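A.B. asks: Take this structure first; my questions come after.
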Amino acid sequence: MIKLHDKYFKPFISAKEIDDVIQRLAIEIAEDVGDEIPVFVGILNGSFMVVSDFVKKYPKPCEVTFIKLASYEGVKSTEDIQRLIGLTQDLTGRTVVILEDIIDTGNTLAEVHRIFENEKVKSLKIATLFYKPEAYKKDYKLHYVGIEIPNKFIVGFGLDYSGLGRNLPEIYQIKETQHMTNLVLFGPPGAGKGTQADFLKEKYNLVHISTGDVFRYNIKNETALGMLAKSYMDKGELVPDQVTIDMLNAEVEKNAGAKGFIFDGFPRTNAQAESLDKLMDSKDSQIDAMIALEVDDEILVERLLSRGKTSGRVDDADESIIRNRIAEYYDKTAILKDFYSAQNKYFGVDGVGSIEEITVRLSSVIDEL
Ligand code: AMP
């Protein structure tokens with residue numbers, strides 16, 4: 001990630017990918033132009049890198065010139081295009097290819113067409129390295145397009161944010177969301193995840209999402225999701241992945257402005273962990289740590305049986321269901337330790353002791369992140 005002025009940008013398109021695309025464009029255009037000597041017209045400032053790389057890859061004789069237009073103010077494309085340097089040579093009868101770094105609204109392109117209105121060129125073709133189809137508001141044909149990109153602000157490879165970033169050899173995309181701290185609170189049933197999450201969410205101003213709680217809420221309110229989940233939960237089995245993933249995504253979306261999340265009871269399978277990574281990625285964020293409460297099985301059974309006396313939870317009342325939930329944890333869920341260890345994000349914490357002692361242990365991990 002990089003910071004330019006007040007904004008953060010994340011890597012988006014590599015230098016290698018850009019190079020390959022420019023190579024492809026050069027060959028495609030050379031084939032179409034045939035034996036003519038084309039005039040490539042770069043639009044300054046942004047296109048200086050594209051033009052430089054492009055003409056080096058162009059396999060036949062060609063001419064190069066520039067016009068200089070300005071449209072961007074900060075990260076907004078303005079309607080008002082200024083013509084700073086116009087055409088400086090006669091292009092009558094010539095095959096002209098405009099080389100653009102990026103086409104988004106098409107306002108600059110409209111100005112280019114105005115410039116060429118009274119020039120008697122043989123043909124005028126438009127080539128662009130990047131194209132934002134969602135932003136394009138004009139009808140001008142784009143003859144050669146390198147890469148289509150979403151309508152998000154980018155910098156690098158000639159493109160700037162208020163003057164900075166043009167020199168970067170790759171493309172970066174703006175990071176739109178504020179920084180979040182996202183934790184996965186992990187551990188077998190009865191490890192104390194819910195109790196600890198209640199303290200941690202206050203202390204760190206995070207949103208706590210317990211998939212078990214959301215399912216129980218749905219069961220209580222007799223929703224379709226609740227009815228579906230109940231049959232699995234009553235036996236201590238996992239609810240199918242897609243159902244759980246869709247529900248979790250919806251819970252995260254409900255808390256759009258959150259400073260971060262404590263995920264409790266999710267992910268429980270590899271598929272869930274992968275979908276969580278994707279979700280975090282779509283928010284320009286990530287899981288920072290999996291913090292696991294480690295507690296011996298027999299202590300868990302004891303704790304859950306005693307919780308069952310007051311919680312009214314069917315799955316806490318029967319020792320064989322409890323043991324099944326613990327077995328499900330080791331069968332299906334414990335593999336996630338490897339998933340997060342591989343990313344150096346796994347932190348084991350001793351889950352035996354007083355509530356306060358365990359909160360202190362968890363906090364010291366979070367404060368170190
Ligand atoms: P918990 O309150 O976390 O112990 O969850 C209670 C029950 O809800 C589990 O035994 C599962 O049946 C179901 N459940 C909760 N979270 C998940 C999940 N991530 N994937 C599948 N099932 C889940």
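Each chain of the structure tokens is named A, B, ... in the order shown, its residues numbered from 1; ligands are numbered from 1 in display order.
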List every residue of chain A that has an atom at most 7 Å from any atom of ligand 1, and for each one report the closest atom pair and its distance in Å to one decimal, counting only C-alpha atoms and all ligand atoms, with rows sorted by chain and then by increasing residue number, as a tab-separated table.
C.D. replies:
residue	atom	partner	partner_atom_place_in_ligand_line	distance
A:Pro189	CA	ligand 1	4 (O)	5.1
A:Ser210	CA	ligand 1	3 (O)	6.6
A:Thr211	CA	ligand 1	16 (N)	4.4
A:Gly212	CA	ligand 1	2 (O)	3.5
A:Asp213	CA	ligand 1	2 (O)	5.9
A:Phe215	CA	ligand 1	8 (O)	6.3
A:Ala229	CA	ligand 1	12 (O)	6.9
A:Tyr232	CA	ligand 1	12 (O)	5.3
A:Met233	CA	ligand 1	12 (O)	3.5
A:Gly236	CA	ligand 1	10 (O)	4.5
A:Glu237	CA	ligand 1	12 (O)	4.7
A:Leu238	CA	ligand 1	22 (N)	3.7
A:Val239	CA	ligand 1	22 (N)	3.9
A:Pro240	CA	ligand 1	21 (C)	6.0
A:Asp241	CA	ligand 1	20 (N)	6.1
A:Thr244	CA	ligand 1	20 (N)	5.6
A:Asp264	CA	ligand 1	3 (O)	6.8
A:Gly265	CA	ligand 1	3 (O)	4.3
A:Phe266	CA	ligand 1	19 (N)	4.0
A:Pro267	CA	ligand 1	19 (N)	5.0
A:Arg268	CA	ligand 1	19 (N)	4.7
A:Arg325	CA	ligand 1	10 (O)	5.9
A.B. asks: Please identify which residues in segment 79-239 of chain A DSSP calls alpha helix (DSSP H) from the backbone, and express them as a PyMOL selection string.
C.D. replies: chain A and resi 107-116+193-204+211-220+224-233
A.B. asks: Please provide the set of residues having any atom within 12 Å of Pro59 of chain A, restricted to only C-alpha atoms, with same-chain residues fewer than 3 positions apart removed, written as a list in words.
C.D. replies: Gln23, Arg24, Leu25, Ala26, Ile27, Glu28, Ile29, Ala30, Glu31, Val33, Gly34, Asp35, Ile37, Pro38, Phe54, Val55, Lys56 and Cys62 of chain A
A.B. asks: Please identify all polymer residues within 8 Å of Asp316 of chain A, counting only C-alpha atoms, omitting same-chain residues fewer than 5 positions from it, and present them as number ranges by chain.
C.D. replies: A: 304-305, 307-308, 311, 321-322
A.B. asks: Which one of A:Lys193, A:His179, A:Lys57, A:Lys254 sits closest to Ile358 of chain A if you count only C-alpha atoms?
C.D. replies: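 Between A:Lys193, A:His179, A:Lys57, A:Lys254, the residue approaching Ile358 of chain A most closely is A:Lys193.
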A.B. asks: When you look at Glu202 of chain A with a cut-off of 12 Å (counting only C-alpha atoms), what residues show up, excluding the ones that are within fewer than 4 positions of it in the same chain? I need them as a ChimeraX atom specification.
C.D. replies: /A:195-198,206-208,259-262,359,363
A.B. asks: Using only C-alpha atoms, find the one residue out of A:Ile219, A:Leu87, A:Ile154, A:Val365 that sits nearest to Val39 of chain A.
C.D. replies: A:Leu87
A.B. asks: Restricting the calculation to only C-alpha atoms, which member of A:Val314, A:Leu91, A:Leu362, A:Leu279 is positioned closest to Glu63 of chain A?
C.D. replies: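 Closest residue, counting only C-alpha atoms: A:Leu91.
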A.B. asks: Extract, using only C-alpha atoms, all DNA, RNA and protein residues at most 9 Å from segment 158-167 of chain A, discarding same-chain residues fewer than 3 positions from it, and format them as a ChimeraX atom specification.
C.D. replies: /A:4-5,45-50,72-75,101-102,153-155,170-172
A.B. asks: Taking the DSSP secondary structure from the backbone, can you list the residues of segment 53-182 of chain A that are strand (DSSP E), as a ChimeraX atom specification?
C.D. replies: /A:63-73,76-85,95-103,123-131,144-148,154-155,171-174,181-182
